[in-house]
$ cat protein.txt   # compact mmCIF, N, CA and C atoms
# COMPACT_ATOMS: atom_id res chain seq x y z
N MET X 4 -69.38 14.61 2.69
CA MET X 4 -69.76 15.68 3.57
C MET X 4 -70.75 16.59 2.86
N ARG X 5 -71.80 16.94 3.55
CA ARG X 5 -72.88 17.74 2.97
C ARG X 5 -73.15 18.93 3.89
N THR X 6 -73.25 20.10 3.29
CA THR X 6 -73.56 21.33 4.01
C THR X 6 -74.76 21.96 3.34
N ARG X 7 -75.60 22.62 4.09
CA ARG X 7 -76.73 23.34 3.50
C ARG X 7 -76.32 24.80 3.31
N VAL X 8 -76.47 25.26 2.08
CA VAL X 8 -76.17 26.64 1.73
C VAL X 8 -77.46 27.25 1.20
N HIS X 9 -78.02 28.18 1.94
CA HIS X 9 -79.31 28.77 1.58
C HIS X 9 -80.35 27.69 1.32
N GLY X 10 -80.31 26.63 2.10
CA GLY X 10 -81.29 25.55 1.99
C GLY X 10 -80.97 24.48 0.96
N THR X 11 -79.91 24.66 0.20
CA THR X 11 -79.53 23.69 -0.83
C THR X 11 -78.36 22.86 -0.33
N ALA X 12 -78.44 21.56 -0.51
CA ALA X 12 -77.35 20.67 -0.11
C ALA X 12 -76.17 20.83 -1.06
N VAL X 13 -75.00 21.11 -0.47
CA VAL X 13 -73.76 21.24 -1.24
C VAL X 13 -72.75 20.27 -0.63
N ARG X 14 -72.20 19.42 -1.46
CA ARG X 14 -71.23 18.43 -0.99
C ARG X 14 -69.82 18.93 -1.23
N GLY X 15 -68.88 18.43 -0.41
CA GLY X 15 -67.48 18.79 -0.59
C GLY X 15 -66.69 18.63 0.68
N VAL X 16 -65.49 19.18 0.66
CA VAL X 16 -64.56 19.10 1.78
C VAL X 16 -64.52 20.47 2.47
N ASP X 17 -64.94 20.51 3.72
CA ASP X 17 -64.94 21.74 4.51
C ASP X 17 -65.70 22.87 3.81
N VAL X 18 -66.89 22.58 3.34
CA VAL X 18 -67.71 23.57 2.65
C VAL X 18 -68.22 24.59 3.66
N GLY X 19 -68.01 25.87 3.32
CA GLY X 19 -68.43 26.95 4.20
C GLY X 19 -69.82 27.46 3.85
N PRO X 20 -70.29 28.48 4.56
CA PRO X 20 -71.66 28.98 4.40
C PRO X 20 -71.93 29.65 3.05
N GLU X 21 -70.90 29.99 2.28
CA GLU X 21 -71.09 30.59 0.96
C GLU X 21 -70.50 29.72 -0.15
N THR X 22 -70.26 28.47 0.10
CA THR X 22 -69.76 27.44 -0.82
C THR X 22 -68.25 27.39 -0.96
N GLY X 23 -67.49 28.24 -0.27
CA GLY X 23 -66.04 28.08 -0.27
C GLY X 23 -65.71 26.70 0.29
N CYS X 24 -64.53 26.18 -0.04
CA CYS X 24 -64.20 24.82 0.40
C CYS X 24 -62.70 24.72 0.70
N ALA X 25 -62.25 23.53 1.01
CA ALA X 25 -60.84 23.31 1.32
C ALA X 25 -59.94 23.61 0.12
N HIS X 26 -60.49 23.53 -1.08
CA HIS X 26 -59.69 23.73 -2.28
C HIS X 26 -59.71 25.18 -2.77
N TYR X 27 -60.86 25.83 -2.62
CA TYR X 27 -61.04 27.21 -3.09
C TYR X 27 -61.84 27.96 -2.03
N ASP X 28 -61.23 28.94 -1.41
CA ASP X 28 -61.90 29.65 -0.33
C ASP X 28 -61.60 31.15 -0.36
N GLY X 29 -61.50 31.71 -1.55
CA GLY X 29 -61.27 33.14 -1.67
C GLY X 29 -62.58 33.91 -1.62
N ALA X 30 -62.46 35.21 -1.64
CA ALA X 30 -63.64 36.08 -1.54
C ALA X 30 -64.63 35.87 -2.68
N THR X 31 -64.16 35.42 -3.86
CA THR X 31 -65.05 35.23 -5.00
C THR X 31 -65.39 33.76 -5.26
N ASP X 32 -64.98 32.87 -4.38
CA ASP X 32 -65.31 31.45 -4.51
C ASP X 32 -66.65 31.19 -3.85
N VAL X 33 -67.70 31.62 -4.54
CA VAL X 33 -69.04 31.62 -3.95
C VAL X 33 -70.08 30.93 -4.83
N ILE X 34 -69.66 29.93 -5.60
CA ILE X 34 -70.63 29.16 -6.36
C ILE X 34 -70.44 27.68 -6.08
N ALA X 35 -71.52 26.94 -6.25
CA ALA X 35 -71.47 25.48 -6.27
C ALA X 35 -72.08 25.06 -7.59
N LEU X 36 -71.64 23.90 -8.08
CA LEU X 36 -72.07 23.44 -9.39
C LEU X 36 -72.63 22.04 -9.33
N ARG X 37 -73.68 21.79 -10.12
CA ARG X 37 -74.25 20.45 -10.23
C ARG X 37 -73.48 19.68 -11.29
N PHE X 38 -73.31 18.42 -11.04
CA PHE X 38 -72.60 17.55 -11.98
C PHE X 38 -73.60 16.66 -12.71
N GLY X 39 -73.32 16.40 -13.97
CA GLY X 39 -74.19 15.59 -14.79
C GLY X 39 -74.29 14.14 -14.35
N CYS X 40 -73.26 13.65 -13.72
CA CYS X 40 -73.24 12.25 -13.30
C CYS X 40 -74.21 11.94 -12.19
N CYS X 41 -74.43 12.85 -11.28
CA CYS X 41 -75.24 12.57 -10.10
C CYS X 41 -76.29 13.64 -9.82
N GLY X 42 -76.20 14.79 -10.49
CA GLY X 42 -77.17 15.85 -10.29
C GLY X 42 -77.05 16.58 -8.98
N GLU X 43 -75.96 16.34 -8.25
CA GLU X 43 -75.76 16.98 -6.95
C GLU X 43 -74.84 18.18 -7.07
N PHE X 44 -75.02 19.14 -6.16
CA PHE X 44 -74.16 20.32 -6.11
C PHE X 44 -72.89 19.99 -5.33
N PHE X 45 -71.75 20.46 -5.85
CA PHE X 45 -70.46 20.35 -5.18
C PHE X 45 -69.80 21.71 -5.21
N ALA X 46 -68.96 21.98 -4.21
CA ALA X 46 -68.27 23.26 -4.14
C ALA X 46 -67.27 23.43 -5.28
N CYS X 47 -66.69 22.33 -5.74
CA CYS X 47 -65.75 22.38 -6.86
C CYS X 47 -65.52 20.97 -7.39
N ALA X 48 -64.81 20.85 -8.49
CA ALA X 48 -64.54 19.53 -9.08
C ALA X 48 -63.67 18.69 -8.16
N ALA X 49 -62.71 19.32 -7.47
CA ALA X 49 -61.86 18.56 -6.55
C ALA X 49 -62.68 18.00 -5.39
N CYS X 50 -63.68 18.75 -4.94
CA CYS X 50 -64.58 18.24 -3.90
C CYS X 50 -65.35 17.02 -4.42
N HIS X 51 -65.84 17.10 -5.65
CA HIS X 51 -66.53 15.95 -6.23
C HIS X 51 -65.60 14.75 -6.24
N ASP X 52 -64.39 14.94 -6.72
CA ASP X 52 -63.43 13.84 -6.79
C ASP X 52 -63.16 13.24 -5.41
N ALA X 53 -63.16 14.09 -4.39
CA ALA X 53 -62.81 13.65 -3.04
C ALA X 53 -63.95 12.90 -2.34
N VAL X 54 -65.19 13.24 -2.62
CA VAL X 54 -66.28 12.67 -1.81
C VAL X 54 -67.37 11.92 -2.57
N ALA X 55 -67.44 12.02 -3.88
CA ALA X 55 -68.58 11.44 -4.60
C ALA X 55 -68.53 9.92 -4.71
N GLY X 56 -67.36 9.35 -4.84
CA GLY X 56 -67.26 7.91 -4.98
C GLY X 56 -67.50 7.41 -6.40
N HIS X 57 -67.52 8.31 -7.37
CA HIS X 57 -67.65 7.93 -8.78
C HIS X 57 -66.98 9.00 -9.64
N ASP X 58 -66.73 8.66 -10.90
CA ASP X 58 -66.12 9.63 -11.82
C ASP X 58 -67.08 10.76 -12.11
N SER X 59 -66.53 11.95 -12.28
CA SER X 59 -67.37 13.11 -12.56
C SER X 59 -67.70 13.18 -14.04
N GLU X 60 -68.87 13.72 -14.30
CA GLU X 60 -69.30 14.04 -15.66
C GLU X 60 -69.85 15.45 -15.62
N PRO X 61 -69.48 16.27 -16.62
CA PRO X 61 -69.98 17.65 -16.63
C PRO X 61 -71.48 17.70 -16.87
N TRP X 62 -72.06 18.86 -16.56
CA TRP X 62 -73.48 19.08 -16.78
C TRP X 62 -73.73 19.01 -18.29
N PRO X 63 -74.72 18.22 -18.73
CA PRO X 63 -74.93 18.01 -20.17
C PRO X 63 -75.40 19.27 -20.90
N ARG X 64 -74.86 19.42 -22.09
CA ARG X 64 -75.15 20.59 -22.91
C ARG X 64 -76.65 20.75 -23.19
N ASP X 65 -77.35 19.65 -23.35
CA ASP X 65 -78.78 19.74 -23.65
C ASP X 65 -79.61 20.15 -22.43
N ARG X 66 -78.96 20.37 -21.29
CA ARG X 66 -79.65 20.82 -20.08
C ARG X 66 -79.11 22.18 -19.58
N PHE X 67 -78.50 22.95 -20.47
CA PHE X 67 -77.94 24.24 -20.08
C PHE X 67 -79.00 25.26 -19.67
N ASP X 68 -80.27 24.98 -19.93
CA ASP X 68 -81.33 25.88 -19.47
C ASP X 68 -81.85 25.50 -18.09
N ASP X 69 -81.33 24.40 -17.52
CA ASP X 69 -81.70 23.96 -16.18
C ASP X 69 -80.79 24.62 -15.14
N ALA X 70 -81.30 24.82 -13.95
CA ALA X 70 -80.52 25.40 -12.86
C ALA X 70 -79.42 24.43 -12.44
N ALA X 71 -78.17 24.85 -12.58
CA ALA X 71 -77.05 23.98 -12.24
C ALA X 71 -75.92 24.74 -11.55
N VAL X 72 -76.13 26.02 -11.26
CA VAL X 72 -75.13 26.84 -10.57
C VAL X 72 -75.83 27.53 -9.39
N LEU X 73 -75.25 27.41 -8.23
CA LEU X 73 -75.81 28.02 -7.02
C LEU X 73 -74.92 29.17 -6.57
N CYS X 74 -75.51 30.35 -6.40
CA CYS X 74 -74.78 31.47 -5.83
C CYS X 74 -74.77 31.31 -4.31
N GLY X 75 -73.59 31.21 -3.76
CA GLY X 75 -73.46 31.05 -2.32
C GLY X 75 -73.76 32.30 -1.53
N ARG X 76 -73.78 33.45 -2.17
CA ARG X 76 -74.10 34.70 -1.48
C ARG X 76 -75.60 34.87 -1.26
N CYS X 77 -76.40 34.66 -2.32
CA CYS X 77 -77.83 34.93 -2.20
C CYS X 77 -78.71 33.69 -2.30
N GLY X 78 -78.14 32.58 -2.76
CA GLY X 78 -78.91 31.35 -2.88
C GLY X 78 -79.62 31.18 -4.21
N ALA X 79 -79.43 32.12 -5.14
CA ALA X 79 -80.05 31.98 -6.45
C ALA X 79 -79.48 30.75 -7.17
N THR X 80 -80.36 30.02 -7.84
CA THR X 80 -79.88 28.94 -8.70
C THR X 80 -80.02 29.41 -10.13
N LEU X 81 -78.94 29.29 -10.85
CA LEU X 81 -78.85 29.84 -12.20
C LEU X 81 -78.75 28.74 -13.24
N ALA X 82 -79.38 28.98 -14.38
CA ALA X 82 -79.17 28.11 -15.53
C ALA X 82 -77.72 28.27 -15.97
N VAL X 83 -77.18 27.24 -16.57
CA VAL X 83 -75.79 27.31 -17.05
C VAL X 83 -75.63 28.47 -18.03
N ARG X 84 -76.56 28.61 -18.96
CA ARG X 84 -76.46 29.71 -19.94
C ARG X 84 -76.43 31.07 -19.24
N THR X 85 -77.25 31.22 -18.23
CA THR X 85 -77.28 32.47 -17.48
C THR X 85 -75.95 32.71 -16.80
N TYR X 86 -75.40 31.69 -16.16
CA TYR X 86 -74.11 31.81 -15.50
C TYR X 86 -73.01 32.16 -16.50
N LEU X 87 -72.96 31.47 -17.62
CA LEU X 87 -71.90 31.73 -18.60
C LEU X 87 -71.99 33.13 -19.20
N ASP X 88 -73.20 33.68 -19.28
CA ASP X 88 -73.41 35.02 -19.83
C ASP X 88 -73.28 36.13 -18.79
N ALA X 89 -73.10 35.76 -17.52
CA ALA X 89 -73.17 36.74 -16.43
C ALA X 89 -71.89 37.54 -16.20
N GLU X 90 -70.83 37.25 -16.92
CA GLU X 90 -69.58 38.00 -16.81
C GLU X 90 -69.05 38.02 -15.38
N PHE X 91 -69.06 36.83 -14.73
CA PHE X 91 -68.45 36.61 -13.42
C PHE X 91 -69.07 37.43 -12.29
N ALA X 92 -70.39 37.59 -12.36
CA ALA X 92 -71.13 38.23 -11.26
C ALA X 92 -72.54 37.66 -11.25
N CYS X 93 -73.08 37.48 -10.07
CA CYS X 93 -74.44 36.96 -9.94
C CYS X 93 -75.43 37.97 -10.50
N PRO X 94 -76.28 37.55 -11.44
CA PRO X 94 -77.27 38.48 -11.98
C PRO X 94 -78.37 38.84 -10.97
N GLU X 95 -78.47 38.09 -9.89
CA GLU X 95 -79.49 38.35 -8.87
C GLU X 95 -79.00 39.33 -7.80
N CYS X 96 -77.78 39.11 -7.28
CA CYS X 96 -77.31 39.93 -6.15
C CYS X 96 -76.05 40.74 -6.46
N GLY X 97 -75.42 40.48 -7.60
CA GLY X 97 -74.22 41.22 -7.98
C GLY X 97 -72.93 40.70 -7.39
N ALA X 98 -72.97 39.63 -6.61
CA ALA X 98 -71.75 39.07 -6.02
C ALA X 98 -70.76 38.68 -7.11
N ALA X 99 -69.50 39.02 -6.90
CA ALA X 99 -68.47 38.68 -7.86
C ALA X 99 -68.18 37.18 -7.80
N PHE X 100 -68.05 36.55 -8.99
CA PHE X 100 -67.67 35.16 -9.10
C PHE X 100 -66.22 35.09 -9.56
N ASN X 101 -65.52 34.05 -9.14
CA ASN X 101 -64.11 33.87 -9.47
C ASN X 101 -63.93 33.63 -10.97
N PRO X 102 -63.28 34.55 -11.69
CA PRO X 102 -63.08 34.34 -13.13
C PRO X 102 -62.14 33.16 -13.41
N GLY X 103 -61.37 32.75 -12.41
CA GLY X 103 -60.48 31.59 -12.58
C GLY X 103 -61.23 30.30 -12.82
N CYS X 104 -62.51 30.27 -12.46
CA CYS X 104 -63.31 29.07 -12.71
C CYS X 104 -63.40 28.75 -14.20
N ALA X 105 -63.26 29.76 -15.04
CA ALA X 105 -63.34 29.54 -16.48
C ALA X 105 -62.28 28.55 -16.96
N ALA X 106 -61.17 28.47 -16.27
CA ALA X 106 -60.11 27.53 -16.65
C ALA X 106 -60.53 26.08 -16.49
N HIS X 107 -61.65 25.85 -15.79
CA HIS X 107 -62.13 24.50 -15.52
C HIS X 107 -63.50 24.24 -16.14
N TYR X 108 -63.97 25.08 -17.02
CA TYR X 108 -65.30 24.93 -17.58
C TYR X 108 -65.54 23.55 -18.17
N ASP X 109 -64.52 22.94 -18.76
CA ASP X 109 -64.70 21.63 -19.37
C ASP X 109 -65.02 20.56 -18.32
N ARG X 110 -64.62 20.77 -17.08
CA ARG X 110 -64.95 19.83 -16.00
C ARG X 110 -66.40 20.00 -15.54
N TYR X 111 -66.96 21.18 -15.73
CA TYR X 111 -68.28 21.49 -15.22
C TYR X 111 -69.38 21.45 -16.29
N PHE X 112 -69.06 21.88 -17.49
CA PHE X 112 -70.08 22.07 -18.52
C PHE X 112 -69.67 21.37 -19.82
N GLU X 113 -70.47 20.41 -20.26
CA GLU X 113 -70.17 19.63 -21.44
C GLU X 113 -70.00 20.54 -22.68
N GLY X 114 -68.90 20.34 -23.36
CA GLY X 114 -68.66 21.04 -24.63
C GLY X 114 -68.24 22.49 -24.51
N VAL X 115 -67.96 22.97 -23.30
CA VAL X 115 -67.53 24.36 -23.14
C VAL X 115 -66.02 24.35 -22.95
N ASP X 116 -65.33 25.00 -23.85
CA ASP X 116 -63.88 25.07 -23.81
C ASP X 116 -63.44 26.08 -22.77
N PRO X 117 -62.42 25.73 -21.94
CA PRO X 117 -61.94 26.69 -20.95
C PRO X 117 -61.50 28.02 -21.58
N ALA X 118 -61.04 27.98 -22.82
CA ALA X 118 -60.61 29.21 -23.50
C ALA X 118 -61.78 30.13 -23.78
N ASP X 119 -63.01 29.60 -23.72
CA ASP X 119 -64.19 30.44 -23.96
C ASP X 119 -64.49 31.37 -22.79
N GLY X 120 -63.88 31.08 -21.63
CA GLY X 120 -64.15 31.90 -20.45
C GLY X 120 -63.41 33.16 -20.51
$ encode --input "protein.txt" --output "structure tokens"
Amino acid sequence: MRTRVHGTAVRGVDVGPETGCAHYDGATDVIALRFGCCGEFFACAACHDAVAGHDSEPWPRDRFDDAAVLCGRCGATLAVRTYLDAEFACPECGAAFNPGCAAHYDRYFEGVDPADG
């Protein structure tokens, strides 16, 4: 399933207009992430597992300066380094990001320990 969020294709299960999905749909669940295996944006890792048809691979460390995080509020695409340094808020629009995502950083970003969040 593919939904357009601010013009960007986001895959997942029941993806809403700000990237919330069947798995995470709280007020701060407003990002989508690109995966290293396919380069596509998904609302969350569980969405990738449900619809991609292949094993997930996190975004590669040597590409942390590439845009791999989409803010569902404003549509900004952020480099991984920018996202990790943003202290759970979009640097473009100020939208709060779910700090609970840090518990899954290893699923999204190669070599980033969830304890680092």
$ select_by_dssp --input "protein.txt" --residues "chain X" --states "alpha helix (DSSP H)" --output "ChimeraX atom specification"
/X:48-54,83-88,108-111
$ atom_distance --input "protein.txt" --atom1 "atom C of Trp62 of chain X" --atom2 "atom C of Tyr111 of chain X"
5.4 Å
$ residues_near_point --input "protein.txt" --point "(-73.4, 25.5, -9.5)" --cutoff "6 Å" --atoms "only C-alpha atoms" --output "ChimeraX atom specification"
/X:34-37,71-73
$ select_by_dssp --input "protein.txt" --residues "chain X" --states "strand (DSSP E or B)" --output "count of residues only"
26
$ closest_residue --input "protein.txt" --among "X:Arg84, X:Arg76, X:Arg5, X:Arg110" --to "Ala98 of chain X" --atoms "all atoms listed in the file"
X:Arg76
$ atom_distance --input "protein.txt" --atom1 "atom N of Thr85 of chain X" --atom2 "atom N of Ala53 of chain X"
26.1 Å
$ axis_aligned_box --input "protein.txt" --around "segment 26-45 of chain X" --padding-each-side "8 Å" --output "JSON"
{"center_x": -68.4, "center_y": 24.0, "center_z": -7.6, "size_x": 33.5, "size_y": 40.1, "size_z": 30.5}
$ atom_distance --input "protein.txt" --atom1 "atom C of Val16 of chain X" --atom2 "atom N of Val54 of chain X"
8.9 Å
$ residues_around --input "protein.txt" --residues "Pro117 of chain X" --least-positions-apart "3" --cutoff "9 Å" --atoms "only C-alpha atoms" --output "ChimeraX atom specification"
/X:104-110,120
$ residues_around --input "protein.txt" --residues "Cys96 of chain X" --least-positions-apart "4" --cutoff "9 Å" --atoms "only C-alpha atoms" --output "NGL selection string"
:X and (74 or 76-77 or 79 or 92)
$ decode --input "protein.txt" --residues "segment 56-92 of chain X" --atoms "N, CA and C atoms" --output "CSV table (one decimal), in the first residue's frame"
chain,number,residue,atom,x,y,z
X,56,GLY,N,7.8,-7.3,1.2
X,56,GLY,CA,8.1,-8.6,0.5
X,56,GLY,C,9.6,-9.0,0.6
X,57,HIS,N,10.4,-8.3,1.4
X,57,HIS,CA,11.8,-8.7,1.6
X,57,HIS,C,12.2,-8.3,3.0
X,58,ASP,N,13.4,-8.8,3.4
X,58,ASP,CA,13.9,-8.4,4.7
X,58,ASP,C,14.4,-7.0,4.7
X,59,SER,N,14.2,-6.3,5.9
X,59,SER,CA,14.6,-4.9,6.0
X,59,SER,C,16.1,-4.8,6.3
X,60,GLU,N,16.6,-3.7,5.8
X,60,GLU,CA,18.0,-3.4,6.1
X,60,GLU,C,18.0,-1.9,6.5
X,61,PRO,N,18.7,-1.5,7.5
X,61,PRO,CA,18.7,-0.1,7.9
X,61,PRO,C,19.4,0.8,6.9
X,62,TRP,N,19.2,2.1,7.0
X,62,TRP,CA,19.8,3.0,6.1
X,62,TRP,C,21.3,3.0,6.4
X,63,PRO,N,22.2,2.9,5.4
X,63,PRO,CA,23.6,2.7,5.6
X,63,PRO,C,24.3,3.9,6.2
X,64,ARG,N,25.2,3.6,7.1
X,64,ARG,CA,25.9,4.7,7.8
X,64,ARG,C,26.6,5.6,6.9
X,65,ASP,N,27.2,5.1,5.8
X,65,ASP,CA,27.9,5.9,4.9
X,65,ASP,C,27.0,6.8,4.1
X,66,ARG,N,25.7,6.8,4.3
X,66,ARG,CA,24.7,7.6,3.6
X,66,ARG,C,23.9,8.5,4.6
X,67,PHE,N,24.5,8.7,5.8
X,67,PHE,CA,23.7,9.5,6.8
X,67,PHE,C,23.6,11.0,6.4
X,68,ASP,N,24.3,11.4,5.4
X,68,ASP,CA,24.1,12.8,4.9
X,68,ASP,C,23.0,12.9,3.8
X,69,ASP,N,22.5,11.8,3.4
X,69,ASP,CA,21.4,11.7,2.4
X,69,ASP,C,20.0,11.8,3.1
X,70,ALA,N,19.1,12.4,2.4
X,70,ALA,CA,17.7,12.5,3.0
X,70,ALA,C,17.1,11.2,3.1
X,71,ALA,N,16.7,10.8,4.3
X,71,ALA,CA,16.2,9.5,4.6
X,71,ALA,C,15.0,9.5,5.6
X,72,VAL,N,14.7,10.7,6.1
X,72,VAL,CA,13.6,10.9,7.1
X,72,VAL,C,12.6,12.0,6.5
X,73,LEU,N,11.4,11.7,6.5
X,73,LEU,CA,10.4,12.6,6.0
X,73,LEU,C,9.5,13.1,7.1
X,74,CYS,N,9.4,14.4,7.3
X,74,CYS,CA,8.5,14.9,8.2
X,74,CYS,C,7.1,14.9,7.6
X,75,GLY,N,6.2,14.3,8.3
X,75,GLY,CA,4.8,14.2,7.8
X,75,GLY,C,4.0,15.4,8.0
X,76,ARG,N,4.5,16.3,8.8
X,76,ARG,CA,3.8,17.6,9.0
X,76,ARG,C,4.0,18.6,7.9
X,77,CYS,N,5.3,18.8,7.6
X,77,CYS,CA,5.7,19.8,6.6
X,77,CYS,C,6.2,19.3,5.3
X,78,GLY,N,6.6,18.0,5.3
X,78,GLY,CA,7.1,17.4,4.0
X,78,GLY,C,8.6,17.6,3.9
X,79,ALA,N,9.3,18.2,4.9
X,79,ALA,CA,10.8,18.3,4.8
X,79,ALA,C,11.4,16.9,4.8
X,80,THR,N,12.4,16.7,3.9
X,80,THR,CA,13.2,15.5,4.0
X,80,THR,C,14.5,15.8,4.6
X,81,LEU,N,14.8,15.0,5.6
X,81,LEU,CA,16.0,15.3,6.5
X,81,LEU,C,17.1,14.3,6.3
X,82,ALA,N,18.3,14.7,6.4
X,82,ALA,CA,19.4,13.8,6.4
X,82,ALA,C,19.3,13.0,7.8
X,83,VAL,N,19.8,11.8,7.8
X,83,VAL,CA,19.8,11.1,9.1
X,83,VAL,C,20.5,11.8,10.2
X,84,ARG,N,21.7,12.4,9.9
X,84,ARG,CA,22.4,13.2,10.9
X,84,ARG,C,21.6,14.3,11.4
X,85,THR,N,20.9,15.0,10.5
X,85,THR,CA,20.1,16.1,11.0
X,85,THR,C,18.9,15.6,11.9
X,86,TYR,N,18.3,14.5,11.5
X,86,TYR,CA,17.2,14.0,12.3
X,86,TYR,C,17.7,13.5,13.7
X,87,LEU,N,18.9,12.8,13.7
X,87,LEU,CA,19.4,12.4,15.0
X,87,LEU,C,19.8,13.5,15.9
X,88,ASP,N,20.2,14.6,15.3
X,88,ASP,CA,20.6,15.8,16.1
X,88,ASP,C,19.5,16.7,16.5
X,89,ALA,N,18.3,16.5,16.0
X,89,ALA,CA,17.1,17.4,16.1
X,89,ALA,C,16.4,17.4,17.4
X,90,GLU,N,16.8,16.5,18.3
X,90,GLU,CA,16.1,16.4,19.6
X,90,GLU,C,14.6,16.2,19.5
X,91,PHE,N,14.2,15.3,18.6
X,91,PHE,CA,12.8,14.9,18.5
X,91,PHE,C,11.8,16.0,18.1
X,92,ALA,N,12.3,16.9,17.2
X,92,ALA,CA,11.5,17.9,16.6
X,92,ALA,C,12.0,18.3,15.3
